[in-house]
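Quick look at model-v6.cif (mmCIF, C-alpha atoms):
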```cif
data_data
loop_
_atom_site.label_atom_id
_atom_site.label_comp_id
_atom_site.auth_asym_id
_atom_site.auth_seq_id
_atom_site.Cartn_x
_atom_site.Cartn_y
_atom_site.Cartn_z
CA MET F 1 -34.52 73.47 5.34
CA ASN F 2 -36.69 73.41 8.47
CA GLU F 3 -35.61 71.77 11.69
CA THR F 4 -36.86 68.19 11.87
CA GLY F 5 -40.29 67.95 13.49
CA VAL F 6 -41.08 71.67 13.30
CA ARG F 7 -44.46 72.37 11.72
CA ASP F 8 -44.94 75.48 9.58
CA VAL F 9 -48.15 77.50 9.68
CA GLU F 10 -49.10 81.04 8.81
CA ALA F 11 -50.59 81.82 12.24
CA VAL F 12 -50.75 80.31 15.72
CA ILE F 13 -53.55 81.19 18.15
CA VAL F 14 -52.69 80.57 21.80
CA GLY F 15 -55.81 80.14 23.91
CA ALA F 16 -59.35 79.06 22.99
CA GLY F 17 -61.49 81.29 25.15
CA GLN F 18 -63.78 83.97 23.70
CA ALA F 19 -60.98 86.00 22.08
CA GLY F 20 -59.14 83.00 20.66
CA LEU F 21 -62.26 81.44 19.16
CA SER F 22 -63.27 84.77 17.66
CA ALA F 23 -59.85 85.07 16.01
CA ALA F 24 -60.04 81.50 14.71
CA TYR F 25 -63.50 82.15 13.25
CA HIS F 26 -62.29 85.24 11.39
CA LEU F 27 -59.19 83.48 10.09
CA ARG F 28 -61.34 80.67 8.73
CA ARG F 29 -63.80 83.12 7.23
CA ALA F 30 -60.87 84.81 5.45
CA GLY F 31 -59.99 81.53 3.75
CA TYR F 32 -57.38 80.06 6.08
CA GLU F 33 -57.78 76.41 7.02
CA PRO F 34 -57.28 75.06 10.56
CA GLU F 35 -54.28 72.72 10.87
CA ARG F 36 -53.07 73.62 7.35
CA ASP F 37 -52.73 77.41 7.58
CA PHE F 38 -53.24 78.04 11.29
CA VAL F 39 -53.46 76.13 14.53
CA VAL F 40 -55.30 76.83 17.80
CA LEU F 41 -53.50 75.66 20.95
CA ASP F 42 -55.31 75.57 24.28
CA ARG F 43 -53.94 74.61 27.68
CA SER F 44 -57.29 73.70 29.23
CA PRO F 45 -58.50 70.09 29.32
CA ARG F 46 -61.72 70.85 27.43
CA ALA F 47 -63.65 73.59 25.67
CA GLY F 48 -64.92 76.56 27.66
CA GLY F 49 -61.95 78.83 28.30
CA ALA F 50 -61.82 80.13 31.87
CA TRP F 51 -65.58 79.63 32.19
CA GLN F 52 -65.14 75.89 32.70
CA PHE F 53 -63.42 76.59 36.04
CA ARG F 54 -66.07 78.88 37.52
CA TRP F 55 -67.70 77.86 40.79
CA PRO F 56 -71.00 75.91 40.61
CA THR F 57 -73.15 78.62 42.20
CA LEU F 58 -72.28 81.12 39.46
CA THR F 59 -75.30 80.27 37.36
CA TYR F 60 -75.80 81.56 33.85
CA GLY F 61 -78.47 83.97 35.07
CA LYS F 62 -75.89 85.70 37.29
CA VAL F 63 -73.43 86.31 34.44
CA HIS F 64 -73.23 89.95 33.39
CA GLY F 65 -72.87 90.82 29.72
CA MET F 66 -72.02 87.50 28.07
CA HIS F 67 -71.91 88.28 24.33
CA ALA F 68 -72.30 85.58 21.72
CA LEU F 69 -69.36 84.55 19.60
CA PRO F 70 -69.42 85.74 15.98
CA GLY F 71 -71.59 83.69 13.67
CA MET F 72 -73.50 81.66 16.27
CA GLU F 73 -75.88 82.84 18.96
CA LEU F 74 -76.20 81.29 22.40
CA THR F 75 -79.91 80.55 22.69
CA GLY F 76 -82.20 78.67 25.03
CA ALA F 77 -79.75 78.59 27.94
CA ASP F 78 -81.21 77.70 31.34
CA ALA F 79 -80.52 80.63 33.67
CA ASP F 80 -80.36 78.26 36.66
CA ARG F 81 -77.63 76.03 35.22
CA PRO F 82 -73.99 76.68 36.22
CA SER F 83 -72.34 79.09 33.79
CA SER F 84 -69.42 76.66 33.57
CA GLU F 85 -71.72 74.09 31.96
CA VAL F 86 -73.71 76.47 29.75
CA ILE F 87 -70.78 78.37 28.28
CA ALA F 88 -68.46 75.37 28.02
CA GLY F 89 -71.16 73.56 26.06
CA TYR F 90 -71.65 76.60 23.83
CA PHE F 91 -67.92 76.92 23.14
CA ALA F 92 -67.64 73.19 22.36
CA GLY F 93 -70.54 73.44 19.93
CA TYR F 94 -68.96 76.50 18.33
CA GLU F 95 -65.67 74.70 17.77
CA ARG F 96 -67.53 71.83 16.11
CA ALA F 97 -69.78 74.06 14.00
CA PHE F 98 -66.86 75.91 12.42
CA GLY F 99 -64.39 73.01 12.41
CA LEU F 100 -61.76 74.93 14.38
CA ARG F 101 -59.92 71.75 15.46
CA VAL F 102 -58.54 73.13 18.70
CA ARG F 103 -55.60 71.15 20.06
CA ARG F 104 -55.75 70.51 23.81
CA PRO F 105 -54.34 70.22 26.32
CA VAL F 106 -51.26 71.92 24.89
CA ASP F 107 -48.98 74.01 27.11
CA VAL F 108 -47.23 76.80 25.19
CA ARG F 109 -43.94 77.13 27.04
CA ALA F 110 -42.10 79.81 25.07
CA VAL F 111 -42.39 81.96 21.95
CA ARG F 112 -39.07 83.18 20.64
CA GLU F 113 -37.39 84.41 17.48
CA GLY F 114 -37.14 81.67 14.89
CA ASP F 115 -35.50 81.33 11.50
CA GLY F 116 -36.21 83.51 8.47
CA GLY F 117 -38.16 86.15 10.33
CA ARG F 118 -40.62 83.61 11.74
CA LEU F 119 -41.63 82.98 15.33
CA ARG F 120 -40.79 79.72 17.06
CA VAL F 121 -43.60 78.43 19.32
CA GLU F 122 -42.34 75.77 21.74
CA THR F 123 -45.04 73.63 23.33
CA SER F 124 -45.69 70.39 25.18
CA GLU F 125 -46.76 68.94 21.81
CA GLY F 126 -43.75 70.01 19.78
CA VAL F 127 -42.68 73.15 17.94
CA TRP F 128 -44.51 75.32 15.42
CA SER F 129 -42.92 77.92 13.17
CA THR F 130 -45.27 80.77 12.34
CA ARG F 131 -45.36 84.14 10.65
CA ALA F 132 -47.93 85.57 13.08
CA LEU F 133 -49.14 84.86 16.58
CA ILE F 134 -52.44 85.76 18.24
CA ASN F 135 -52.14 85.52 22.00
CA ALA F 136 -55.48 84.94 23.75
CA THR F 137 -54.36 83.44 27.06
CA GLY F 138 -56.42 85.68 29.33
CA THR F 139 -55.69 85.81 33.05
CA TRP F 140 -57.20 82.78 34.80
CA GLU F 141 -53.89 80.94 35.03
CA ARG F 142 -52.28 83.81 36.98
CA PRO F 143 -54.26 84.46 40.18
CA PHE F 144 -52.84 87.41 42.08
CA TRP F 145 -51.98 86.74 45.74
CA PRO F 146 -50.94 89.91 47.62
CA ARG F 147 -48.24 89.42 50.25
CA TYR F 148 -48.88 90.74 53.74
CA PRO F 149 -46.72 90.40 56.85
CA GLY F 150 -47.55 87.26 58.81
CA GLY F 151 -49.27 85.50 55.93
CA GLU F 152 -47.33 82.31 56.50
CA SER F 153 -48.31 82.25 60.19
CA PHE F 154 -52.07 81.94 59.63
CA ARG F 155 -53.37 78.66 61.06
CA GLY F 156 -56.58 78.65 59.08
CA ARG F 157 -57.16 78.16 55.36
CA GLN F 158 -56.23 80.64 52.63
CA LEU F 159 -57.58 80.34 49.10
CA HIS F 160 -58.09 82.43 46.00
CA THR F 161 -61.11 83.02 43.79
CA ALA F 162 -59.51 80.60 41.31
CA ASP F 163 -60.09 77.82 43.87
CA TYR F 164 -63.45 78.99 45.24
CA PRO F 165 -65.59 75.85 45.70
CA GLY F 166 -68.93 77.50 46.49
CA PRO F 167 -70.48 78.64 49.78
CA ASP F 168 -71.10 75.25 51.41
CA ALA F 169 -67.38 74.87 52.18
CA PHE F 170 -67.62 77.86 54.55
CA ALA F 171 -70.61 76.78 56.64
CA GLY F 172 -70.17 77.74 60.29
CA LEU F 173 -66.79 79.40 59.70
CA ARG F 174 -65.50 82.94 60.21
CA VAL F 175 -64.44 84.24 56.80
CA VAL F 176 -62.48 87.30 55.71
CA VAL F 177 -63.08 88.19 52.04
CA VAL F 178 -60.40 90.41 50.51
CA GLY F 179 -61.07 92.34 47.31
CA GLY F 180 -63.32 94.99 45.84
CA GLY F 181 -64.45 93.38 42.58
CA THR F 182 -67.60 91.67 41.42
CA SER F 183 -66.31 88.21 42.37
CA ALA F 184 -65.57 89.36 45.92
CA VAL F 185 -69.10 90.68 46.33
CA GLN F 186 -70.64 87.52 44.88
CA HIS F 187 -68.56 85.33 47.20
CA LEU F 188 -69.38 87.50 50.19
CA MET F 189 -73.13 87.44 49.63
CA GLU F 190 -73.15 83.66 49.18
CA ILE F 191 -70.89 82.91 52.13
CA ALA F 192 -72.80 85.24 54.46
CA GLU F 193 -75.81 82.94 54.16
CA VAL F 194 -73.97 80.02 55.78
CA ALA F 195 -70.92 81.39 57.63
CA ALA F 196 -70.65 82.15 61.33
CA ALA F 197 -69.33 85.61 60.42
CA THR F 198 -67.98 87.48 57.39
CA THR F 199 -65.66 90.47 57.13
CA TRP F 200 -65.15 92.38 53.90
CA VAL F 201 -61.79 94.09 53.38
CA THR F 202 -60.75 96.26 50.41
CA ARG F 203 -57.81 98.54 49.59
CA ARG F 204 -60.09 101.33 48.34
CA PRO F 205 -63.69 102.18 49.25
CA PRO F 206 -65.91 100.34 46.76
CA VAL F 207 -67.86 102.47 44.29
CA PHE F 208 -71.34 101.18 43.53
CA ARG F 209 -72.74 102.14 40.14
CA GLU F 210 -76.39 103.11 40.07
CA GLY F 211 -78.44 103.05 36.89
CA PRO F 212 -77.77 101.43 33.52
CA PHE F 213 -74.30 100.96 32.09
CA ASP F 214 -75.04 102.63 28.76
CA GLU F 215 -72.95 102.88 25.61
CA ALA F 216 -71.40 106.22 26.57
CA ARG F 217 -70.23 104.83 29.93
CA GLY F 218 -68.84 101.79 28.18
CA ARG F 219 -66.84 103.90 25.73
CA ASP F 220 -65.43 106.01 28.56
CA ALA F 221 -64.36 102.91 30.48
CA VAL F 222 -62.67 101.35 27.45
CA ALA F 223 -60.89 104.64 26.70
CA LEU F 224 -59.36 104.69 30.18
CA VAL F 225 -58.06 101.14 29.85
CA GLU F 226 -56.77 101.81 26.33
CA ARG F 227 -54.79 104.79 27.55
CA ARG F 228 -52.90 102.64 30.06
CA VAL F 229 -52.15 100.03 27.41
CA ARG F 230 -50.90 102.66 24.96
CA GLU F 231 -48.56 103.89 27.69
CA GLY F 232 -47.18 100.39 28.27
CA LEU F 233 -48.76 100.05 31.73
CA PRO F 234 -50.49 96.88 33.01
CA PRO F 235 -54.26 97.03 32.39
CA GLN F 236 -56.50 97.93 35.31
CA SER F 237 -59.37 95.73 36.41
CA VAL F 238 -62.75 96.47 34.84
CA VAL F 239 -64.33 97.31 38.19
CA SER F 240 -61.65 99.89 38.98
CA VAL F 241 -62.89 101.78 35.93
CA THR F 242 -66.63 101.06 35.88
CA GLY F 243 -67.54 100.54 39.54
CA LEU F 244 -69.72 97.74 40.91
CA PRO F 245 -73.17 97.43 39.30
CA MET F 246 -75.78 97.68 42.05
CA THR F 247 -78.33 94.84 41.86
CA ALA F 248 -81.40 94.09 43.94
CA ALA F 249 -79.50 91.30 45.74
CA MET F 250 -76.67 93.70 46.54
CA GLU F 251 -79.16 96.25 47.87
CA ARG F 252 -80.50 93.63 50.25
CA ALA F 253 -76.99 92.59 51.30
CA ARG F 254 -76.02 96.19 51.95
CA ALA F 255 -79.13 96.77 54.04
CA ALA F 256 -78.28 93.66 56.07
CA GLY F 257 -74.75 94.92 56.74
CA VAL F 258 -73.06 92.23 54.66
CA LEU F 259 -71.40 94.85 52.45
CA ASP F 260 -70.03 96.93 55.30
CA ARG F 261 -66.40 97.28 54.33
CA LEU F 262 -63.20 97.67 56.34
CA PRO F 263 -59.94 99.14 55.02
CA MET F 264 -57.09 96.79 54.21
CA PHE F 265 -55.53 95.15 57.26
CA ASP F 266 -51.84 95.65 58.03
CA ARG F 267 -50.89 92.08 58.86
CA VAL F 268 -52.09 88.52 59.08
CA THR F 269 -51.94 86.83 62.48
CA PRO F 270 -52.07 83.13 63.39
CA THR F 271 -55.75 83.53 64.21
CA GLY F 272 -56.93 86.18 61.74
CA VAL F 273 -56.05 89.69 60.58
CA ALA F 274 -55.09 92.89 62.40
CA TRP F 275 -54.80 96.63 61.81
CA ALA F 276 -52.18 99.07 63.05
CA ASP F 277 -54.66 100.71 65.46
CA GLY F 278 -55.00 97.45 67.39
CA THR F 279 -58.23 96.27 65.78
CA ALA F 280 -58.25 92.54 65.05
CA VAL F 281 -60.67 90.06 63.52
CA ASP F 282 -60.52 86.33 64.16
CA ALA F 283 -60.94 84.12 61.11
CA ASP F 284 -60.94 80.50 60.04
CA VAL F 285 -60.58 81.35 56.34
CA ILE F 286 -59.09 84.19 54.29
CA LEU F 287 -60.51 84.27 50.78
CA TRP F 288 -58.39 86.37 48.42
CA ALA F 289 -60.72 87.69 45.70
CA THR F 290 -57.86 89.85 44.47
CA GLY F 291 -58.05 89.28 40.76
CA PHE F 292 -55.68 87.98 38.13
CA ARG F 293 -52.81 89.15 35.97
CA ALA F 294 -52.29 88.60 32.25
CA ALA F 295 -50.75 85.20 31.49
CA LEU F 296 -47.91 86.31 29.24
CA GLY F 297 -44.88 84.46 30.64
CA HIS F 298 -44.44 82.40 27.47
CA LEU F 299 -43.89 85.63 25.50
CA ALA F 300 -40.99 86.75 27.72
CA PRO F 301 -38.25 85.74 25.20
CA LEU F 302 -39.63 88.33 22.76
CA GLY F 303 -39.08 91.23 25.18
CA LEU F 304 -42.49 92.82 24.61
CA ARG F 305 -42.90 94.46 28.03
CA GLU F 306 -42.30 98.16 28.53
CA ALA F 307 -40.62 99.76 31.52
CA GLY F 308 -44.06 100.28 33.08
CA GLY F 309 -44.63 96.51 33.18
CA GLY F 310 -47.25 96.18 30.45
CA VAL F 311 -47.22 95.43 26.72
CA ARG F 312 -47.81 98.55 24.65
CA LEU F 313 -50.33 97.96 21.89
CA GLU F 314 -51.47 99.71 18.73
CA GLY F 315 -54.94 98.26 18.47
CA THR F 316 -54.19 94.59 19.15
CA ARG F 317 -50.65 94.65 17.71
CA ALA F 318 -47.63 94.64 20.04
CA VAL F 319 -45.60 97.77 19.32
CA ARG F 320 -42.32 95.93 19.89
CA ASP F 321 -43.19 93.09 17.48
CA PRO F 322 -45.86 93.56 14.77
CA ARG F 323 -46.10 89.78 14.28
CA VAL F 324 -47.69 89.43 17.73
CA HIS F 325 -51.26 90.42 18.59
CA LEU F 326 -52.80 90.37 22.06
CA VAL F 327 -56.56 89.80 22.20
CA GLY F 328 -58.63 89.65 25.36
CA TYR F 329 -56.00 91.93 26.93
CA GLY F 330 -56.64 95.38 28.37
CA PRO F 331 -59.53 97.11 26.57
CA SER F 332 -60.57 93.85 24.87
CA ALA F 333 -60.89 91.87 28.11
CA SER F 334 -64.71 91.92 28.03
CA THR F 335 -66.63 89.34 26.01
CA ILE F 336 -67.74 91.87 23.40
CA GLY F 337 -64.27 93.40 23.35
CA ALA F 338 -62.75 89.95 22.79
CA ASN F 339 -64.98 89.41 19.76
CA ARG F 340 -63.97 92.72 18.23
CA ALA F 341 -60.29 92.19 19.01
CA GLY F 342 -60.28 88.81 17.28
CA ARG F 343 -61.66 90.40 14.11
CA ALA F 344 -59.23 93.35 14.29
CA ALA F 345 -56.20 91.10 14.82
CA VAL F 346 -57.08 88.95 11.82
CA ARG F 347 -57.55 92.03 9.62
CA GLU F 348 -53.98 93.14 10.39
CA ILE F 349 -52.54 89.66 10.10
CA ARG F 350 -54.06 89.26 6.65
CA THR F 351 -52.20 92.39 5.62
CA LEU F 352 -48.98 91.02 7.10
CA LEU F 353 -49.38 87.68 5.34
CA ALA F 354 -50.27 89.35 2.04
CA GLU F 355 -46.81 90.92 2.02
CA GLY F 356 -45.34 87.44 1.72
CA PRO F 357 -42.61 85.77 3.77
CA PRO F 358 -39.54 87.94 4.45
CA ASP F 359 -37.43 85.78 2.12
CA ALA F 360 -40.07 84.94 -0.51
CA ALA F 361 -42.53 87.73 -1.14
CA GLY F 362 -45.65 86.86 -3.04
CA SER F 363 -46.26 83.34 -1.74
CA SER F 364 -49.52 81.55 -2.49
CA GLN F 365 -50.76 82.32 1.00
CA GLY F 366 -49.98 85.97 0.43
CA ALA F 367 -52.02 85.87 -2.74
CA LEU F 368 -54.88 84.21 -0.88
CA ALA F 369 -54.86 86.87 1.84
CA ALA F 370 -54.86 89.66 -0.75
CA ALA F 371 -57.72 88.09 -2.67
CA VAL F 372 -60.23 87.59 0.13
#
```
Take the structure in this file and express it as structure tokens.
Amino acid sequence: MNETGVRDVEAVIVGAGQAGLSAAYHLRRAGYEPERDFVVLDRSPRAGGAWQFRWPTLTYGKVHGMHALPGMELTGADADRPSSEVIAGYFAGYERAFGLRVRRPVDVRAVREGDGGRLRVETSEGVWSTRALINATGTWERPFWPRYPGGESFRGRQLHTADYPGPDAFAGLRVVVVGGGTSAVQHLMEIAEVAAATTWVTRRPPVFREGPFDEARGRDAVALVERRVREGLPPQSVVSVTGLPMTAAMERARAAGVLDRLPMFDRVTPTGVAWADGTAVDADVILWATGFRAALGHLAPLGLREAGGGVRLEGTRAVRDPRVHLVGYGPSASTIGANRAGRAAVREIRTLLAEGPPDAAGSSQGALAAAV
């Protein structure tokens, strides 16, 4: 007898970004019905995944490598519209077209061992009991803020990429941009147009990639990320593996000195940042474009992390618990990778469900999974 109020499903998908929607599409295509056989839970207030939170000046034309979701192309998008509007609208249309019935906003607070070999998913909207879980929570909810001596003494403003409002907020100000990724460069180039001064600071010298990012380069980059995940280490950022793609706008910014980079400062002062050799830069704002970490806190009760700090995967399946799949994590963090991961996770989950519940092999759902 189930606990009162607990809803039983065959699979729960946590997160409705690219990876989560891809997984939901493939579950539905395999014959599983939303709300009856599986449920999609999303913390965001509306469709669009992390894209809905992007800054207004990141137009669709500036987005690199946005791949369509399976079964429905993104066509006729205005390159000058904010990507947050274009992609959120596309995701919303996709959910409607395939009847995915995403529940939002739902905060998944914990996933832990349940009864009868099932997983217990505790949320702000009640509890689900499931045989399989696809985690597609991405990273947006976990901005990474490095700690440096004196950080609390700074009298100006500190903010992260997650809160970046666009360049107008920095007009006439002295701005230090910290970080060596694509977002840092985009922020820097925009802010330099209106700021009194900009300073770019990175831990490592940035590597600019010349020429096309072909299929061979892509495979090599994915292989490097996969190796870390197989070893149970936290995934690296994409840029740390691929380098920064050099564009015409970046060429102009580099020629103008905007992309002249300084090594990481040693401390933050009340009026700016300083290095051990006595060099100092005054600043009104420090913008931390220092990336994000995987949002996996709700999975902590399952003990999936390895000693190295990451979750070791075989494909998308967590090695420590074959009922749990991580999509949009590590090598599947790109939009095309998220699509493929959603399909791969569903393929394995169908096999799991076809084996039947631990205490009642050969259920009707198992028969369905085996038949399709």
Restricting the calculation to all atoms listed in the file, which member of F:Thr351, F:Leu262, F:Leu119, F:Ala192 is positioned closest to Leu133 of chain F?
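Going through F:Thr351, F:Leu262, F:Leu119, F:Ala192 one by one, the smallest distance to Leu133 of chain F is for F:Leu119.
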Could you tell me how far atom CA of Gly180 of chain F sits from atom CA of Pro143 of chain F, in Å to one decimal place?
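These atoms are spaced 15.0 Å apart.
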Contacts of Gly166 of chain F within 7 Å, only C-alpha atoms, excl. fewer than 5 positions in-chain, as a list in words:
Trp55, Pro56 and Thr57 of chain F
Export, as a PDB file, keeping the file's coordinate frame, the selected residues with C-alpha atoms.
```pdb
ATOM      1  CA  TRP F  55     -67.700  77.860  40.790  1.00  0.00           C
ATOM      2  CA  PRO F  56     -71.000  75.910  40.610  1.00  0.00           C
ATOM      3  CA  THR F  57     -73.150  78.620  42.200  1.00  0.00           C
TER       4      THR F  57
END
```
Point out the residue among F:Arg29, F:Arg109, F:Arg101, F:Arg174 with the least atom-to-atom distance to Asp284 of chain F, counting only C-alpha atoms.
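Answer, going by the shortest atom-to-atom distance: F:Arg174.
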What residues come out when you apply the PyMOL selection byres ((chain F and resi 114-118) around 12) to this file, written as a PyMOL selection string?
chain F and resi 1-3+6-12+110-113+119-122+127-133+301-302+321-324+353+356-360
Those residues you just picked out, can you put them in a file as a PDB file, in the frame of the given file with C-alpha atoms?
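Result written to result.pdb:
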```pdb
ATOM      1  CA  MET F   1     -34.520  73.470   5.340  1.00  0.00           C
ATOM      2  CA  ASN F   2     -36.690  73.410   8.470  1.00  0.00           C
ATOM      3  CA  GLU F   3     -35.610  71.770  11.690  1.00  0.00           C
ATOM      4  CA  VAL F   6     -41.080  71.670  13.300  1.00  0.00           C
ATOM      5  CA  ARG F   7     -44.460  72.370  11.720  1.00  0.00           C
ATOM      6  CA  ASP F   8     -44.940  75.480   9.580  1.00  0.00           C
ATOM      7  CA  VAL F   9     -48.150  77.500   9.680  1.00  0.00           C
ATOM      8  CA  GLU F  10     -49.100  81.040   8.810  1.00  0.00           C
ATOM      9  CA  ALA F  11     -50.590  81.820  12.240  1.00  0.00           C
ATOM     10  CA  VAL F  12     -50.750  80.310  15.720  1.00  0.00           C
ATOM     11  CA  ALA F 110     -42.100  79.810  25.070  1.00  0.00           C
ATOM     12  CA  VAL F 111     -42.390  81.960  21.950  1.00  0.00           C
ATOM     13  CA  ARG F 112     -39.070  83.180  20.640  1.00  0.00           C
ATOM     14  CA  GLU F 113     -37.390  84.410  17.480  1.00  0.00           C
ATOM     15  CA  LEU F 119     -41.630  82.980  15.330  1.00  0.00           C
ATOM     16  CA  ARG F 120     -40.790  79.720  17.060  1.00  0.00           C
ATOM     17  CA  VAL F 121     -43.600  78.430  19.320  1.00  0.00           C
ATOM     18  CA  GLU F 122     -42.340  75.770  21.740  1.00  0.00           C
ATOM     19  CA  VAL F 127     -42.680  73.150  17.940  1.00  0.00           C
ATOM     20  CA  TRP F 128     -44.510  75.320  15.420  1.00  0.00           C
ATOM     21  CA  SER F 129     -42.920  77.920  13.170  1.00  0.00           C
ATOM     22  CA  THR F 130     -45.270  80.770  12.340  1.00  0.00           C
ATOM     23  CA  ARG F 131     -45.360  84.140  10.650  1.00  0.00           C
ATOM     24  CA  ALA F 132     -47.930  85.570  13.080  1.00  0.00           C
ATOM     25  CA  LEU F 133     -49.140  84.860  16.580  1.00  0.00           C
ATOM     26  CA  PRO F 301     -38.250  85.740  25.200  1.00  0.00           C
ATOM     27  CA  LEU F 302     -39.630  88.330  22.760  1.00  0.00           C
ATOM     28  CA  ASP F 321     -43.190  93.090  17.480  1.00  0.00           C
ATOM     29  CA  PRO F 322     -45.860  93.560  14.770  1.00  0.00           C
ATOM     30  CA  ARG F 323     -46.100  89.780  14.280  1.00  0.00           C
ATOM     31  CA  VAL F 324     -47.690  89.430  17.730  1.00  0.00           C
ATOM     32  CA  LEU F 353     -49.380  87.680   5.340  1.00  0.00           C
ATOM     33  CA  GLY F 356     -45.340  87.440   1.720  1.00  0.00           C
ATOM     34  CA  PRO F 357     -42.610  85.770   3.770  1.00  0.00           C
ATOM     35  CA  PRO F 358     -39.540  87.940   4.450  1.00  0.00           C
ATOM     36  CA  ASP F 359     -37.430  85.780   2.120  1.00  0.00           C
ATOM     37  CA  ALA F 360     -40.070  84.940  -0.510  1.00  0.00           C
TER      38      ALA F 360
END
```
Spatial neighbours of Gly310 of chain F, 6 Å, all atoms listed in the file, chain gap at least 5 places, as an MDAnalysis selection string
chainID F and resid 232:234 305
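Taken over the whole file, the PyMOL selection byres ((chain F and resi 288) around 8) covers exactly Trp145, Gln158, Leu159, His160, Thr161, Val177, Val178, Gly179, Ile286, Leu287, Ala289 and Thr290 of chain F.
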Using the selection just defined, write its residues with C-alpha atoms as a compact mmCIF listing (two decimals), keeping the file's coordinate frame.
```txt
# COMPACT_ATOMS: atom_id res chain seq x y z
CA TRP F 145 -51.98 86.74 45.74
CA GLN F 158 -56.23 80.64 52.63
CA LEU F 159 -57.58 80.34 49.10
CA HIS F 160 -58.09 82.43 46.00
CA THR F 161 -61.11 83.02 43.79
CA VAL F 177 -63.08 88.19 52.04
CA VAL F 178 -60.40 90.41 50.51
CA GLY F 179 -61.07 92.34 47.31
CA ILE F 286 -59.09 84.19 54.29
CA LEU F 287 -60.51 84.27 50.78
CA ALA F 289 -60.72 87.69 45.70
CA THR F 290 -57.86 89.85 44.47
```
Selection result for the PyMOL selection byres ((chain F and resi 199) around 7) on this file, as JSON, numbers by chain
{"F": [175, 176, 177, 197, 198, 200, 201]}
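Going from atom CA of Ala50 of chain F over to atom CA of Thr335 of chain F, you cover 11.9 Å.
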Nearest residue to Ser84 of chain F out of F:Met246, F:Leu259, F:Val14, F:Val63, using only C-alpha atoms?
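The answer is F:Val63, which sits nearest to Ser84 of chain F.
Using all atoms listed in the file, the contacts of segment 86-94 of chain F at a cut-off of 9 Å, with sequence neighbours closer than 2 positions omitted, comprise Ala16, Gly17, Gln18, Leu21, Arg46, Ala47, Gly48, Gly49, Trp51, Gln52, Thr59, Tyr60, Leu69, Gly71, Met72, Glu73, Leu74, Ala77, Asp78, Ala79, Arg81, Pro82, Ser83, Ser84, Arg96, Ala97, Phe98, Gly99 and Leu100 of chain F.
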For Ala68 of chain F, which of F:Ala300, F:Ile13, F:Ala19, F:Val102 is the closest residue, counting all atoms listed in the file?
F:Ala19
Identify the residues within 12 Å of coordinate (-64.1, 89.5, 23.9) (same frame as the file), considering all atoms listed in the file, and give the answer as number ranges by chain.
F: 16-23, 49, 65-70, 136-138, 326-344
Find the residue from F:Leu299, F:Arg347, F:Arg54, F:Pro263 that sits nearest to Ala276 of chain F; use only C-alpha atoms when measuring.
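So, comparing all the options, the nearest one is F:Pro263.
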Report the distance between atom CA of Arg227 of chain F and atom CA of Thr139 of chain F in Å, rounded to one decimal place.
19.8 Å
Kindly indicate which residue among F:Asn135, F:Ser44, F:Ser124, F:Thr269 lies nearest to Thr316 of chain F, using all atoms listed in the file for the distances.
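Ranked by minimum distance to Thr316 of chain F, first place goes to F:Asn135.
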Got a sec: who's within 7 Å of Phe265 of chain F, counting all atoms listed in the file, leaving out chain neighbours fewer than 2 positions off, as a PyMOL selection string?
chain F and resi 263+267+273-275
Can you list, as a list in words, every protein, DNA or RNA residue that comes within 7 Å of Thr123 of chain F when you count all atoms listed in the file, leaving out same-chain residues fewer than 5 positions away?
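What passes the distance filter is Val106, Asp107, Val108 and Arg109 of chain F.
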